[in-house]
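**Student:** Supplied structure: entry_35.cif, mmCIF, C-alpha atoms.
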```cif
data_final
loop_
_atom_site.label_atom_id
_atom_site.label_comp_id
_atom_site.auth_asym_id
_atom_site.auth_seq_id
_atom_site.Cartn_x
_atom_site.Cartn_y
_atom_site.Cartn_z
CA MET I 53 71.77 138.87 106.50
CA ALA I 54 73.90 138.09 103.45
CA SER I 55 76.99 137.88 105.66
CA GLN I 56 75.24 135.43 107.97
CA ASP I 57 74.13 133.29 105.03
CA PHE I 58 77.72 133.20 103.79
CA GLN I 59 79.00 132.13 107.21
CA ASN I 60 76.34 129.43 107.47
CA GLN I 61 77.30 128.10 104.04
CA LEU I 62 80.98 128.07 105.00
CA ASN I 63 80.31 126.29 108.29
CA GLU I 64 78.14 123.72 106.53
CA LEU I 65 80.85 122.97 103.95
CA TRP I 66 83.55 122.74 106.62
CA THR I 67 81.50 120.32 108.70
CA ARG I 68 80.61 118.29 105.62
CA ALA I 69 84.25 118.00 104.55
CA LYS I 70 85.27 116.66 107.95
CA GLN I 71 82.37 114.20 107.91
CA LEU I 72 83.30 112.93 104.46
CA ARG I 73 86.89 112.47 105.58
CA ALA I 74 85.78 110.53 108.67
CA GLU I 75 83.65 108.29 106.43
CA GLY I 76 86.62 107.55 104.18
CA LYS I 77 85.12 109.43 101.21
CA TRP I 78 88.36 111.24 100.58
CA GLU I 79 87.80 112.35 96.99
CA ASP I 80 84.52 113.98 98.01
CA ALA I 81 86.22 115.51 101.04
CA ILE I 82 88.93 117.05 98.84
CA LYS I 83 86.28 118.52 96.55
CA THR I 84 84.46 119.99 99.54
CA TYR I 85 87.64 121.53 100.97
CA SER I 86 88.23 122.99 97.50
CA ARG I 87 84.81 124.64 97.65
CA VAL I 88 85.72 126.12 101.03
CA ILE I 89 88.92 127.53 99.50
CA GLN I 90 86.92 128.99 96.61
CA LEU I 91 84.75 130.83 99.11
CA VAL I 92 87.64 131.92 101.35
CA PRO I 93 90.90 131.77 99.35
CA ARG I 94 93.05 132.78 102.33
CA PHE I 95 91.65 130.25 104.82
CA ALA I 96 94.88 128.42 105.68
CA PRO I 97 93.36 125.48 107.66
CA ALA I 98 91.42 124.37 104.55
CA TYR I 99 94.67 124.11 102.59
CA VAL I 100 96.21 122.05 105.38
CA GLU I 101 93.27 119.66 105.64
CA ARG I 102 93.14 119.21 101.87
CA GLY I 103 96.91 118.73 101.76
CA LEU I 104 96.85 116.02 104.42
CA LEU I 105 94.23 114.11 102.45
CA ALA I 106 96.16 114.57 99.20
CA GLN I 107 99.34 113.22 100.81
CA GLU I 108 97.44 110.26 102.27
CA MET I 109 96.04 109.49 98.83
CA GLY I 110 99.43 109.62 97.12
CA TYR I 111 99.39 113.11 95.59
CA PRO I 112 102.51 114.66 97.18
CA ASP I 113 102.84 117.52 94.68
CA MET I 114 99.30 118.68 95.40
CA ALA I 115 99.90 118.27 99.12
CA MET I 116 103.12 120.26 99.05
CA GLY I 117 101.40 123.06 97.17
CA ASP I 118 98.66 123.20 99.78
CA PHE I 119 101.09 123.27 102.69
CA GLU I 120 103.19 125.96 101.02
CA ASN I 121 100.07 128.06 100.46
CA ALA I 122 98.98 127.62 104.06
CA ILE I 123 102.41 128.69 105.36
CA GLN I 124 102.44 131.71 103.06
CA ILE I 125 98.99 132.75 104.32
CA ASP I 126 99.70 132.03 108.00
CA PRO I 127 103.39 131.44 108.87
CA GLN I 128 102.38 130.76 112.49
CA LEU I 129 100.17 127.76 111.67
CA GLY I 130 102.11 124.84 113.14
CA TYR I 131 99.92 122.20 111.51
CA ALA I 132 101.05 123.36 108.07
CA TYR I 133 104.67 122.65 108.97
CA TYR I 134 103.60 119.20 110.19
CA GLY I 135 102.15 118.49 106.75
CA ARG I 136 105.17 119.83 104.89
CA ALA I 137 107.45 117.75 107.12
CA TRP I 138 105.46 114.68 106.08
CA VAL I 139 105.91 115.38 102.36
CA ARG I 140 109.57 116.26 102.75
CA GLY I 141 110.21 113.05 104.66
CA THR I 142 108.60 110.88 101.99
CA ARG I 143 110.78 112.64 99.39
CA GLY I 144 113.95 111.88 101.32
CA ASP I 145 114.51 115.45 102.54
CA TYR I 146 114.94 114.35 106.14
CA ALA I 147 116.78 117.48 107.25
CA GLY I 148 113.95 119.64 105.90
CA ALA I 149 111.36 117.37 107.51
CA LEU I 150 113.12 117.58 110.86
CA ALA I 151 113.32 121.39 110.70
CA ASP I 152 109.62 121.67 109.80
CA ALA I 153 108.52 119.26 112.52
CA LYS I 154 110.50 121.11 115.18
CA LYS I 155 109.18 124.48 114.03
CA GLY I 156 105.62 123.20 113.98
CA MET I 157 105.98 121.88 117.52
CA LEU I 158 107.21 125.27 118.74
CA LEU I 159 104.20 126.96 117.15
CA ASP I 160 101.71 124.34 118.35
CA PRO I 161 102.90 123.23 121.82
CA GLN I 162 99.53 121.76 122.78
CA ASN I 163 99.86 118.99 120.16
CA THR I 164 103.48 117.98 120.55
CA GLY I 165 102.76 114.25 120.22
CA MET I 166 102.06 114.38 116.50
CA TYR I 167 105.18 116.44 115.84
CA PHE I 168 107.32 113.91 117.68
CA ARG I 169 106.07 111.32 115.20
CA ARG I 170 107.38 113.41 112.29
CA ILE I 171 110.64 114.05 114.16
CA GLY I 172 111.01 110.32 114.67
CA SER I 173 110.41 109.64 110.99
CA ALA I 174 113.08 112.17 110.03
CA TYR I 175 115.64 110.67 112.39
CA GLN I 176 114.74 107.19 111.14
CA GLY I 177 115.33 108.29 107.56
CA MET I 178 118.71 109.65 108.58
CA GLY I 179 119.62 106.33 110.19
CA ARG I 180 119.72 107.92 113.66
CA LEU I 181 117.68 105.10 115.11
CA SER I 182 118.17 105.73 118.83
CA GLU I 183 116.98 109.32 118.41
CA ALA I 184 114.07 108.11 116.31
CA ILE I 185 113.01 105.70 119.05
CA GLU I 186 113.20 108.46 121.66
CA ALA I 187 110.93 110.64 119.51
CA TYR I 188 108.50 107.79 118.89
CA ASN I 189 108.41 107.05 122.62
CA GLU I 190 107.40 110.66 123.27
CA ALA I 191 104.76 110.52 120.53
CA ILE I 192 103.26 107.36 122.04
CA ARG I 193 103.42 108.76 125.59
CA LEU I 194 101.72 112.03 124.65
CA ASN I 195 98.97 110.64 122.43
CA SER I 196 95.93 109.44 124.33
CA ASP I 197 94.87 107.15 121.45
CA MET I 198 97.12 104.33 120.31
CA ASP I 199 98.81 105.19 117.02
CA GLU I 200 99.74 101.97 115.26
CA GLY I 201 101.77 103.85 112.64
CA THR I 202 104.14 105.22 115.27
CA ILE I 203 104.41 101.82 116.96
CA TYR I 204 105.13 100.23 113.58
CA ASN I 205 107.90 102.72 112.82
CA ARG I 206 109.45 102.14 116.22
CA GLY I 207 109.31 98.41 115.61
CA MET I 208 111.19 98.85 112.35
CA CYS I 209 113.89 100.79 114.21
CA TYR I 210 114.19 98.02 116.78
CA SER I 211 114.39 95.46 113.98
CA GLN I 212 117.24 97.35 112.29
CA MET I 213 119.05 97.54 115.63
CA LYS I 214 118.62 93.76 116.08
CA GLU I 215 116.47 94.36 119.18
CA PHE I 216 114.18 91.55 118.11
CA ALA I 217 112.13 91.10 121.29
CA LEU I 218 111.21 94.79 121.30
CA ALA I 219 110.48 94.70 117.57
CA LEU I 220 108.17 91.73 117.98
CA ALA I 221 106.33 93.45 120.82
CA ASP I 222 105.67 96.46 118.61
CA PHE I 223 104.54 94.47 115.58
CA ASN I 224 102.33 92.30 117.79
CA ARG I 225 100.71 95.46 119.14
CA CYS I 226 100.23 96.77 115.61
CA LEU I 227 98.41 93.61 114.62
CA GLU I 228 96.21 93.81 117.72
CA LEU I 229 95.17 97.29 116.60
CA ASP I 230 94.94 96.43 112.89
CA PRO I 231 94.64 92.63 112.38
CA ASP I 232 94.81 92.72 108.56
CA TRP I 233 97.86 94.97 108.18
CA ALA I 234 100.01 93.26 105.54
CA TRP I 235 103.12 95.37 106.20
CA ALA I 236 103.09 94.53 109.91
CA PHE I 237 102.91 90.83 109.06
CA SER I 238 105.81 91.28 106.62
CA GLU I 239 108.01 93.10 109.12
CA ARG I 240 107.23 90.61 111.87
CA GLY I 241 107.99 87.79 109.44
CA LYS I 242 111.35 89.39 108.70
CA VAL I 243 112.13 89.44 112.43
CA TYR I 244 111.24 85.75 112.65
CA LEU I 245 113.65 85.10 109.77
CA TYR I 246 116.45 86.78 111.70
CA MET I 247 115.50 84.70 114.75
CA LYS I 248 115.50 81.51 112.63
CA GLN I 249 111.87 80.81 113.50
CA TYR I 250 111.07 79.82 109.95
CA ASP I 251 107.60 78.33 110.47
CA LYS I 252 106.44 81.61 112.00
CA ALA I 253 108.07 83.55 109.18
CA ILE I 254 106.16 81.43 106.65
CA ALA I 255 102.89 82.02 108.51
CA ASP I 256 103.43 85.77 108.55
CA GLY I 257 104.48 85.82 104.90
CA SER I 258 101.29 83.95 104.05
CA SER I 259 99.21 86.46 106.04
CA ALA I 260 100.89 89.35 104.26
CA ILE I 261 100.08 87.72 100.91
CA LYS I 262 96.48 87.15 101.98
CA TYR I 263 95.89 90.81 102.76
CA LYS I 264 98.07 92.29 99.98
CA PRO I 265 98.56 89.68 97.25
CA ASN I 266 100.19 92.10 94.81
CA TYR I 267 102.98 93.11 97.18
CA PHE I 268 106.26 91.24 96.74
CA HIS I 269 107.46 91.33 100.34
CA GLY I 270 105.29 88.50 101.70
CA TYR I 271 106.47 86.16 98.94
CA LEU I 272 110.07 87.13 99.60
CA ILE I 273 109.80 86.47 103.33
CA ARG I 274 108.27 83.09 102.70
CA ALA I 275 110.78 82.22 99.97
CA TYR I 276 113.75 82.81 102.27
CA ALA I 277 112.13 80.74 105.02
CA TYR I 278 111.43 77.84 102.66
CA GLN I 279 114.99 78.12 101.40
CA GLU I 280 116.37 77.82 104.91
CA LEU I 281 114.18 74.78 105.53
CA GLY I 282 115.49 73.15 102.36
CA ASP I 283 112.17 73.22 100.50
CA HIS I 284 113.60 74.54 97.24
CA LYS I 285 110.46 73.90 95.22
CA LYS I 286 108.33 76.23 97.35
CA ALA I 287 111.19 78.71 97.68
CA ARG I 288 111.55 78.88 93.91
CA ALA I 289 107.82 79.46 93.40
CA ASP I 290 107.80 82.32 95.89
CA PHE I 291 110.97 83.88 94.51
CA GLU I 292 109.37 83.81 91.05
CA ASN I 293 106.26 85.56 92.36
CA ALA I 294 108.37 88.18 94.13
CA PHE I 295 110.36 88.73 90.95
CA LYS I 296 107.17 89.42 88.98
CA LEU I 297 105.81 91.85 91.58
CA THR I 298 108.82 94.06 92.30
CA ASN I 299 109.88 96.98 90.10
CA SER I 300 113.32 97.29 91.68
CA PRO I 301 116.13 96.33 89.25
CA GLN I 302 118.47 95.62 92.17
CA LEU I 303 115.96 93.35 93.85
CA LYS I 304 115.18 91.58 90.59
CA GLN I 305 118.88 90.89 90.14
CA HIS I 306 119.17 89.52 93.68
CA ILE I 307 116.12 87.30 93.26
CA GLN I 308 117.46 86.00 89.95
CA GLU I 309 120.67 85.05 91.70
CA GLN I 310 118.63 83.20 94.30
CA LEU I 311 116.71 81.40 91.60
CA ASN I 312 119.95 80.46 89.89
CA SER I 313 121.72 79.14 92.93
CA LEU I 314 119.39 79.37 95.99
CA LYS I 315 122.29 80.70 98.04
CA LYS I 316 121.56 81.30 101.70
CA ASP I 317 122.13 85.02 101.88
CA TRP I 318 118.60 86.37 102.33
CA TRP I 319 119.72 89.04 104.82
CA LYS I 320 121.60 90.97 102.14
CA VAL I 321 118.38 92.37 100.64
CA PHE I 322 117.12 94.03 103.83
#
```
Could you render the structure as C-alpha cells?

**Tutor:**
Amino acid sequence: MASQDFQNQLNELWTRAKQLRAEGKWEDAIKTYSRVIQLVPRFAPAYVERGLLAQEMGYPDMAMGDFENAIQIDPQLGYAYYGRAWVRGTRGDYAGALADAKKGMLLDPQNTGMYFRRIGSAYQGMGRLSEAIEAYNEAIRLNSDMDEGTIYNRGMCYSQMKEFALALADFNRCLELDPDWAWAFSERGKVYLYMKQYDKAIADGSSAIKYKPNYFHGYLIRAYAYQELGDHKKARADFENAFKLTNSPQLKQHIQEQLNSLKKDWWKVF
C-alpha cells in the first residue's frame, strides 16, 4: 500500500508540473519538478524537463547541470542531449551543440524534427548557412505543428544570404503565427532596409518598438530608414534612443559616429 501511495504521489506531481508548464507558471513548474527529483533522485526525465524550463527562463548554468545529471543517470536519453545542445549553442560552442544534437537524434529517431532544429542552429552559428537551411527544412517538414522559431531562424539565414524574398516569406509567416513578435518585426524591417523599402522598414521598426520598447533594434532600424529618407531629425532621435538601450560598446561607437555625421553606412552594423 505504501508503495502505491508513493507512486500516486509521484504521478500527481509529474502531471501537476506539466500542467503548470503548459499554463506558463514556470517558476511553480520548476519547483514541482524539483519535488519529483527529491522523491526520485535518479529520474532523468525530471532533470531534462526542469533543465528545459531553466534554459527558457535564462538560467543556463542550472539547465546545463540538469542535462549533465540526466546524461550521467541515463546516457541513452536522447532528449537530454537535445537540451545540452541548446545550452552549448547559446554559449557559442557550436561544435559541441552539433555533436549533441546528432547523438540525441540517433538515440531518439522517432523525434528527429526537434533535433534538426538544434542541428540547424549549430550550423547557423558556424556560418554554414546552406547546411543550416537544409536542417531547418527537415525540422519544418517533420514537425506536424508549425514552429515559428525554426521558421524565424531560417529567415535569418536567408537574410544573411541576401535571399530577401525567401526571408520575407519566413518573417511574414512568423508574424502570422505570432503577431506581436518584436524580433520578427525587427528582422523583417532589416530586410526592407536592404531592399530600400524605407516606409515599410519604418513601419516594422515602429511595431518592434511597440511590442518591445526597451530593445534597441527597432529604433536602429527606423533610424537608418529615416536617415536614408533624409529626415535627420527623426533619425537622430532614434539613434539616441538606440544608444541609450544598447550595452554593446562597439554598437555605441557606431551609433555615435552616425550621430556625429549621419553617414549612410547602416549595413556595417549587421

**Student:** Please indicate the distance in Å from CA of Leu245 (chain I) to CA of Lys214 (chain I), rounded to one decimal place.

**Tutor:**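 According to the coordinates, CA of Leu245 (chain I) and CA of Lys214 (chain I) are separated by 11.8 Å.
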
**Student:** As a check of understanding, name the residues that the PyMOL selection byres ((chain I and resi 255) around 12) selects in the supplied structure, as a list of chain:residue names.

**Tutor:**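 Selected by the PyMOL selection byres ((chain I and resi 255) around 12) in this file: I:Ala234, I:Phe237, I:Ser238, I:Arg240, I:Gly241, I:Lys242, I:Tyr244, I:Leu245, I:Gln249, I:Tyr250, I:Asp251, I:Lys252, I:Ala253, I:Ile254, I:Asp256, I:Gly257, I:Ser258, I:Ser259, I:Ala260, I:Ile261, I:Lys262, I:Gly270, I:Tyr271, I:Ile273, I:Arg274, I:Ala275, I:Ala277, I:Tyr278.
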
**Student:** Using the chain letters and residue numbers of this document, give as a ChimeraX atom specification the residues selected by the PyMOL selection byres ((chain I and resi 179-196) around 7).

**Tutor:** /I:165-166,168-169,171-173,175-178,197-198,202,206,209

**Student:** Might you spell out which residues the PyMOL selection byres ((chain I and resi 303) around 12) would select in the displayed file, as a VMD selection string?

**Tutor:** chain I and resid 268 to 269 272 291 to 292 294 to 302 304 to 310 318 320 to 322

**Student:** CA of Ala69 (chain I) to CA of Ser86 (chain I): how many Å, to one decimal?

**Tutor:**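 Taking CA of Ala69 (chain I) as the start and CA of Ser86 (chain I) as the end point, the length is 9.5 Å.
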
**Student:** Which of these, I:Tyr276, I:Tyr111, I:Tyr146, I:Tyr99, has the shortest distance to Ala132 (chain I) once you count all atoms listed in the file?

**Tutor:**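 For Ala132 (chain I), the nearest of the given residues is I:Tyr99.
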
**Student:** Between CA of Tyr85 (chain I) and CA of Ala98 (chain I), what is the distance in Å, rounded to a tenth?

**Tutor:**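 Between CA of Tyr85 (chain I) and CA of Ala98 (chain I) the gap works out to 5.9 Å.
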
**Student:** Give me the residues within 10 Å of Asp222 (chain I) as a PyMOL selection string, counting all atoms listed in the file and dropping any in the same chain fewer than 4 places off.

**Tutor:** chain I and resi 200+202-208+210-211+216-218+226-228+236+240

**Student:** If you count all atoms listed in the file, which residues fall within 9 Å of Ala149 (chain I), apart from same-chain ones fewer than 4 positions away, as a PDB file with C-alpha atoms, in the coordinates of the input?

**Tutor:**
```
ATOM      1  CA  TYR I 133     104.670 122.650 108.970  1.00  0.00           C
ATOM      2  CA  TYR I 134     103.600 119.200 110.190  1.00  0.00           C
ATOM      3  CA  ARG I 136     105.170 119.830 104.890  1.00  0.00           C
ATOM      4  CA  ALA I 137     107.450 117.750 107.120  1.00  0.00           C
ATOM      5  CA  TRP I 138     105.460 114.680 106.080  1.00  0.00           C
ATOM      6  CA  VAL I 139     105.910 115.380 102.360  1.00  0.00           C
ATOM      7  CA  ARG I 140     109.570 116.260 102.750  1.00  0.00           C
ATOM      8  CA  GLY I 141     110.210 113.050 104.660  1.00  0.00           C
ATOM      9  CA  THR I 142     108.600 110.880 101.990  1.00  0.00           C
ATOM     10  CA  GLY I 144     113.950 111.880 101.320  1.00  0.00           C
ATOM     11  CA  ASP I 145     114.510 115.450 102.540  1.00  0.00           C
ATOM     12  CA  ALA I 153     108.520 119.260 112.520  1.00  0.00           C
ATOM     13  CA  LYS I 154     110.500 121.110 115.180  1.00  0.00           C
ATOM     14  CA  ARG I 170     107.380 113.410 112.290  1.00  0.00           C
ATOM     15  CA  ILE I 171     110.640 114.050 114.160  1.00  0.00           C
ATOM     16  CA  SER I 173     110.410 109.640 110.990  1.00  0.00           C
ATOM     17  CA  ALA I 174     113.080 112.170 110.030  1.00  0.00           C
TER      18      ALA I 174
END
```

**Student:** Using only C-alpha atoms, determine which residues lie at most 12 Å from Met114 (chain I), disregarding the query and same-chain residues fewer than 5 positions distant; provide the list as an mmCIF file with C-alpha atoms, in the frame of the given file.

**Tutor:**
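Saved as out_11.cif:
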```cif
data_model
loop_
_atom_site.group_PDB
_atom_site.id
_atom_site.type_symbol
_atom_site.label_atom_id
_atom_site.label_comp_id
_atom_site.auth_asym_id
_atom_site.auth_seq_id
_atom_site.Cartn_x
_atom_site.Cartn_y
_atom_site.Cartn_z
ATOM 1 C CA ILE I 82 88.930 117.050 98.840
ATOM 2 C CA TYR I 99 94.670 124.110 102.590
ATOM 3 C CA VAL I 100 96.210 122.050 105.380
ATOM 4 C CA GLU I 101 93.270 119.660 105.640
ATOM 5 C CA ARG I 102 93.140 119.210 101.870
ATOM 6 C CA GLY I 103 96.910 118.730 101.760
ATOM 7 C CA LEU I 104 96.850 116.020 104.420
ATOM 8 C CA LEU I 105 94.230 114.110 102.450
ATOM 9 C CA ALA I 106 96.160 114.570 99.200
ATOM 10 C CA GLN I 107 99.340 113.220 100.810
ATOM 11 C CA GLU I 108 97.440 110.260 102.270
ATOM 12 C CA MET I 109 96.040 109.490 98.830
ATOM 13 C CA PHE I 119 101.090 123.270 102.690
ATOM 14 C CA GLU I 120 103.190 125.960 101.020
ATOM 15 C CA ASN I 121 100.070 128.060 100.460
ATOM 16 C CA GLY I 135 102.150 118.490 106.750
ATOM 17 C CA ARG I 136 105.170 119.830 104.890
ATOM 18 C CA VAL I 139 105.910 115.380 102.360
#
```

**Student:** Measuring between only C-alpha atoms, which one of I:Leu229, I:Leu65, I:Leu220, I:Ile125 shows the shortest distance to Phe95 (chain I)?

**Tutor:**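 Ranked by minimum distance to Phe95 (chain I), first place goes to I:Ile125.
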
**Student:** Which one of I:Gly156, I:Pro265, I:Gly148, I:Pro161 sits closest to Asn293 (chain I) if you count all atoms listed in the file?

**Tutor:** I:Pro265

**Student:** Select, from I:Met247, I:Tyr167, I:Lys264, I:Glu75, the residue with the minimum atom-to-atom distance to Leu150 (chain I), counting all atoms listed in the file.

**Tutor:**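 Of I:Met247, I:Tyr167, I:Lys264, I:Glu75, the one nearest Leu150 (chain I) is I:Tyr167, counting all atoms listed in the file.
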
**Student:** Between I:Asp160, I:Ile123, I:Lys77, I:Arg68, single out the one closest to Arg94 (chain I), counting only C-alpha atoms.

**Tutor:**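 Nearest to Arg94 (chain I): I:Ile123.
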